[in-house]
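Raw run_37.cif, mmCIF, C-alpha atoms:
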data_model
#
loop_
_atom_site.label_atom_id
_atom_site.label_comp_id
_atom_site.auth_asym_id
_atom_site.auth_seq_id
_atom_site.Cartn_x
_atom_site.Cartn_y
_atom_site.Cartn_z
CA MET A 215 79.37 -32.85 59.45
CA SER A 216 77.20 -33.56 56.51
CA THR A 217 73.48 -33.68 56.26
CA VAL A 218 71.20 -35.94 54.25
CA THR A 219 67.62 -35.49 53.19
CA ILE A 220 65.43 -38.58 53.24
CA GLU A 221 62.55 -37.87 50.88
CA THR A 222 59.65 -40.17 51.77
CA SER A 223 56.14 -40.61 50.45
CA LEU A 224 54.99 -38.77 53.60
CA GLY A 225 57.47 -35.87 53.51
CA GLU A 226 61.12 -35.02 54.08
CA ILE A 227 63.39 -35.90 56.99
CA LYS A 228 66.66 -34.00 57.29
CA VAL A 229 69.42 -35.75 59.24
CA LYS A 230 72.73 -34.33 60.45
CA LEU A 231 75.41 -37.04 60.39
CA ASN A 232 78.11 -37.19 63.05
CA SER A 233 81.30 -38.21 61.22
CA GLU A 234 83.40 -37.15 64.21
CA LYS A 235 81.86 -39.73 66.58
CA ALA A 236 80.97 -42.42 64.02
CA PRO A 237 83.35 -42.01 61.04
CA ALA A 238 83.11 -45.55 59.60
CA THR A 239 79.33 -45.67 60.04
CA VAL A 240 78.81 -42.31 58.33
CA LYS A 241 81.18 -43.29 55.51
CA ASN A 242 79.22 -46.55 55.04
CA PHE A 243 75.84 -44.75 55.10
CA LEU A 244 77.01 -42.12 52.62
CA SER A 245 78.33 -44.81 50.26
CA TYR A 246 74.79 -46.24 50.12
CA VAL A 247 73.36 -42.73 49.62
CA GLU A 248 75.80 -41.94 46.79
CA SER A 249 75.16 -45.27 45.02
CA GLY A 250 71.38 -44.64 45.05
CA HIS A 251 70.81 -47.79 47.15
CA TYR A 252 68.14 -46.17 49.33
CA ASN A 253 66.11 -44.76 46.41
CA GLY A 254 62.90 -46.75 46.11
CA THR A 255 63.33 -48.61 49.39
CA ILE A 256 60.75 -48.55 52.15
CA PHE A 257 60.35 -48.23 55.89
CA HIS A 258 59.71 -51.95 56.37
CA ARG A 259 59.56 -52.13 60.18
CA VAL A 260 57.60 -49.60 62.22
CA ILE A 261 56.99 -49.94 65.95
CA GLU A 262 55.07 -46.92 67.26
CA ASN A 263 56.70 -46.59 70.69
CA PHE A 264 60.17 -47.67 69.56
CA MET A 265 61.53 -46.83 66.10
CA ILE A 266 61.06 -46.76 62.33
CA GLN A 267 63.45 -48.90 60.25
CA GLY A 268 64.32 -48.80 56.57
CA GLY A 269 66.99 -49.05 53.94
CA GLY A 270 66.97 -52.74 53.08
CA PHE A 271 63.83 -53.70 51.17
CA ASP A 272 62.08 -52.55 48.01
CA LYS A 273 58.31 -51.96 47.70
CA ASP A 274 57.72 -55.66 46.99
CA MET A 275 59.55 -56.63 50.23
CA ASN A 276 62.53 -57.99 48.32
CA GLN A 277 65.78 -57.54 50.20
CA LYS A 278 68.37 -55.48 48.34
CA ALA A 279 71.99 -56.56 47.88
CA VAL A 280 74.37 -54.92 50.34
CA ASN A 281 78.06 -54.27 50.86
CA ALA A 282 80.18 -56.03 53.47
CA PRO A 283 79.17 -55.41 57.12
CA ILE A 284 80.94 -52.75 59.15
CA LYS A 285 82.46 -52.69 62.62
CA CYS A 286 80.02 -51.47 65.26
CA GLU A 287 80.81 -47.96 66.50
CA SER A 288 78.24 -47.95 69.31
CA ASN A 289 80.91 -47.13 71.92
CA ASN A 290 81.11 -43.55 70.61
CA GLY A 291 79.29 -41.80 73.46
CA LEU A 292 76.12 -41.13 71.44
CA SER A 293 72.82 -42.33 72.89
CA ASN A 294 69.71 -43.77 71.20
CA LYS A 295 67.57 -40.76 72.12
CA THR A 296 64.42 -39.57 70.37
CA GLY A 297 65.26 -38.38 66.86
CA THR A 298 68.63 -40.10 66.55
CA ILE A 299 69.50 -42.37 63.65
CA ALA A 300 71.33 -45.64 64.26
CA MET A 301 72.38 -48.72 62.32
CA ALA A 302 70.22 -51.82 62.39
CA ARG A 303 72.02 -55.15 62.69
CA THR A 304 71.56 -58.82 63.53
CA MET A 305 72.57 -60.43 66.84
CA ASP A 306 76.17 -60.09 65.61
CA ALA A 307 77.29 -56.63 66.76
CA HIS A 308 79.43 -56.16 63.65
CA SER A 309 76.78 -57.02 61.05
CA ALA A 310 75.34 -53.62 60.08
CA THR A 311 75.09 -52.98 56.35
CA SER A 312 72.47 -50.65 54.83
CA GLN A 313 69.53 -50.77 57.23
CA PHE A 314 69.05 -47.92 59.67
CA PHE A 315 66.44 -46.84 62.17
CA ILE A 316 65.24 -43.58 63.67
CA ASN A 317 64.39 -43.69 67.36
CA VAL A 318 60.89 -42.34 68.08
CA LYS A 319 61.48 -42.34 71.86
CA ASP A 320 64.47 -42.48 74.19
CA ASN A 321 65.79 -46.04 73.79
CA ASP A 322 68.87 -45.89 75.99
CA PHE A 323 68.63 -49.66 76.54
CA LEU A 324 70.07 -49.86 72.99
CA ASP A 325 73.21 -47.96 74.04
CA PHE A 326 76.68 -49.46 74.35
CA THR A 327 77.56 -50.83 77.80
CA ALA A 328 80.38 -53.31 77.13
CA GLU A 329 82.24 -55.09 74.33
CA ASN A 330 80.26 -58.32 74.66
CA VAL A 331 77.17 -59.88 73.08
CA GLN A 332 74.75 -58.19 75.50
CA GLY A 333 76.56 -54.87 75.68
CA TRP A 334 77.45 -53.73 72.16
CA GLY A 335 74.20 -51.88 71.54
CA TYR A 336 73.39 -50.02 68.33
CA ALA A 337 75.58 -47.36 66.74
CA VAL A 338 74.03 -43.88 66.65
CA PHE A 339 75.54 -41.82 63.83
CA GLY A 340 73.34 -38.74 63.56
CA GLU A 341 70.12 -36.98 64.46
CA VAL A 342 67.04 -35.59 62.80
CA ILE A 343 67.31 -31.80 62.56
CA ASP A 344 64.10 -31.26 60.58
CA GLY A 345 61.14 -33.49 59.82
CA MET A 346 60.29 -35.13 63.15
CA ALA A 347 56.64 -34.52 62.24
CA VAL A 348 57.19 -36.86 59.29
CA VAL A 349 58.91 -39.43 61.55
CA ASN A 350 55.95 -39.20 63.93
CA GLN A 351 53.53 -39.66 61.05
CA ILE A 352 55.41 -42.78 59.92
CA LYS A 353 55.48 -44.25 63.43
CA GLY A 354 51.67 -44.05 63.54
CA VAL A 355 50.90 -46.03 60.38
CA ASP A 356 48.98 -49.30 60.61
CA THR A 357 51.24 -52.35 60.50
CA GLY A 358 50.83 -56.08 60.15
CA PHE A 359 52.45 -59.24 58.80
CA VAL A 360 53.77 -59.12 55.24
CA LYS A 361 55.81 -61.95 53.69
CA GLY A 362 56.43 -63.46 57.11
CA MET A 363 57.67 -60.23 58.69
CA SER A 364 55.89 -58.38 61.49
CA ASP A 365 55.49 -54.61 62.02
CA VAL A 366 55.40 -53.92 58.28
CA PRO A 367 53.38 -50.84 57.25
CA LEU A 368 50.21 -52.00 55.53
CA GLU A 369 50.37 -48.94 53.30
CA THR A 370 53.84 -48.54 51.80
CA VAL A 371 55.99 -45.75 53.22
CA GLU A 372 58.52 -45.28 50.43
CA ILE A 373 61.97 -43.75 50.71
CA ILE A 374 61.81 -42.02 47.32
CA LYS A 375 65.40 -40.86 47.45
CA VAL A 376 68.15 -39.89 49.87
CA THR A 377 70.51 -37.06 49.00
CA ALA A 378 73.63 -35.78 50.74
CA GLU A 379 74.37 -32.07 51.10
#

Give the structure from this file in structure tokens form.
Amino acid sequence: MSTVTIETSLGEIKVKLNSEKAPATVKNFLSYVESGHYNGTIFHRVIENFMIQGGGFDKDMNQKAVNAPIKCESNNGLSNKTGTIAMARTMDAHSATSQFFINVKDNDFLDFTAENVQGWGYAVFGEVIDGMAVVNQIKGVDTGFVKGMSDVPLETVEIIKVTAE
């Protein structure tokens, strides 16, 4: 299992990735890390009693180009518990690309229940092992509407760089 460090403008978050339970998801995430995709992106969606989401937009709220979507690995037995990292996606279960979120509370309603539209859930692929204080600081920032999107931090929370160890 590898670890990554997400260096943010508010501090570092260290995440242990679970390549045993989510091999394709971890491989996808690490490909974005290795290409430098996450460097200079932001946490663009923050909901205090839910999650913090990043990995897709730059500081000017421009969406970054992404690779092809991956197959959802949410049926891997991992749960969207506090401190876990999972892939963000659209209504299509198999649409995850670069965006990820960190759960700031137990969100088991996001877990896999069945291979159908309502049941796919969101693929957990790791957990925070250090830096939950930073996650908690991010979840508490003031948010509002920016460029037509809600829950955007009004003061930028930058992902300066992400490195794999």

Atom pair atom CA of Thr370 of chain A + atom CA of Phe257 of chain A, distance 7.7 Å

- Task: Give as a PyMOL selection string the residues that the PyMOL selection byres ((chain A and resi 336-353) around 9) matches when applied to the coordinates above.
- Result: chain A and resi 217+222+224-233+235-237+239-240+257+260-266+286-303+307+316+318+324-326+334-335+354-356+367+371

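Once Val360 of chain A and its same-chain neighbours fewer than 5 positions away are set aside, His258, Asp274, Met275, Asp365, Val366, Pro367 and Leu368 of chain A remain within 10 Å of it when counting only C-alpha atoms.
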
Specify the axis-aligned box that encloses all atoms of segment 363-375 of chain A listed in the file after padding of 6 Å on each side, stating its centre and edge lengths in Å to one decimal as JSON.
{"center_x": 57.8, "center_y": -50.5, "center_z": 54.7, "size_x": 27.2, "size_y": 31.4, "size_z": 26.7}

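Relative to atom CA of Gln313 of chain A, atom CA of Phe271 of chain A is found at 8.8 Å.
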
Nearest to Ser364 of chain A, restricted to all atoms listed in the file and choosing among A:Thr377, A:Ser216, A:Arg259, A:Asn281, comes out as A:Arg259

Would you please take segment 334-349 of chain A of the structure in the block above and write N, CA, C and O atoms to a file as a short mmCIF file (atom, residue, chain, number, x, y, z; two decimals), in the first residue's frame?
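New file out_5.cif:
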data_model
loop_
_atom_site.label_atom_id
_atom_site.label_comp_id
_atom_site.auth_asym_id
_atom_site.auth_seq_id
_atom_site.Cartn_x
_atom_site.Cartn_y
_atom_site.Cartn_z
N TRP A 334 -24.91 1.78 -6.69
CA TRP A 334 -23.47 1.71 -6.91
C TRP A 334 -22.66 2.40 -5.82
O TRP A 334 -21.61 1.92 -5.43
N GLY A 335 -23.10 3.53 -5.35
CA GLY A 335 -22.34 4.23 -4.32
C GLY A 335 -21.06 4.84 -4.86
O GLY A 335 -20.90 5.02 -6.06
N TYR A 336 -20.14 5.15 -3.95
CA TYR A 336 -18.90 5.85 -4.28
C TYR A 336 -17.72 5.03 -3.78
O TYR A 336 -17.71 4.59 -2.63
N ALA A 337 -16.73 4.86 -4.63
CA ALA A 337 -15.60 3.97 -4.36
C ALA A 337 -14.59 4.57 -3.39
O ALA A 337 -13.88 5.52 -3.72
N VAL A 338 -14.52 4.00 -2.20
CA VAL A 338 -13.48 4.34 -1.22
C VAL A 338 -12.20 3.65 -1.66
O VAL A 338 -12.21 2.47 -2.02
N PHE A 339 -11.07 4.38 -1.60
CA PHE A 339 -9.81 3.78 -2.01
C PHE A 339 -8.66 4.09 -1.06
O PHE A 339 -7.50 3.81 -1.35
N GLY A 340 -8.98 4.62 0.12
CA GLY A 340 -7.93 4.89 1.09
C GLY A 340 -8.48 5.63 2.29
O GLY A 340 -9.69 5.84 2.41
N GLU A 341 -7.55 5.99 3.20
CA GLU A 341 -7.96 6.71 4.40
C GLU A 341 -6.86 7.64 4.87
O GLU A 341 -5.68 7.39 4.66
N VAL A 342 -7.29 8.72 5.49
CA VAL A 342 -6.35 9.68 6.06
C VAL A 342 -5.68 9.03 7.28
O VAL A 342 -6.35 8.51 8.16
N ILE A 343 -4.35 9.06 7.28
CA ILE A 343 -3.61 8.51 8.43
C ILE A 343 -2.94 9.61 9.24
O ILE A 343 -2.49 9.37 10.35
N ASP A 344 -2.89 10.82 8.68
CA ASP A 344 -2.35 11.97 9.39
C ASP A 344 -2.89 13.23 8.72
O ASP A 344 -2.96 13.29 7.50
N GLY A 345 -3.31 14.19 9.52
CA GLY A 345 -3.78 15.44 8.96
C GLY A 345 -5.29 15.65 9.03
O GLY A 345 -5.82 16.53 8.34
N MET A 346 -5.99 14.88 9.85
CA MET A 346 -7.44 15.11 9.98
C MET A 346 -7.73 16.50 10.54
O MET A 346 -8.78 17.07 10.25
N ALA A 347 -6.79 17.06 11.28
CA ALA A 347 -6.99 18.43 11.77
C ALA A 347 -7.06 19.41 10.59
O ALA A 347 -7.84 20.36 10.61
N VAL A 348 -6.27 19.14 9.55
CA VAL A 348 -6.31 19.97 8.35
C VAL A 348 -7.64 19.77 7.63
O VAL A 348 -8.29 20.73 7.20
N VAL A 349 -8.07 18.50 7.49
CA VAL A 349 -9.37 18.20 6.87
C VAL A 349 -10.48 18.95 7.61
O VAL A 349 -11.34 19.58 7.00
#
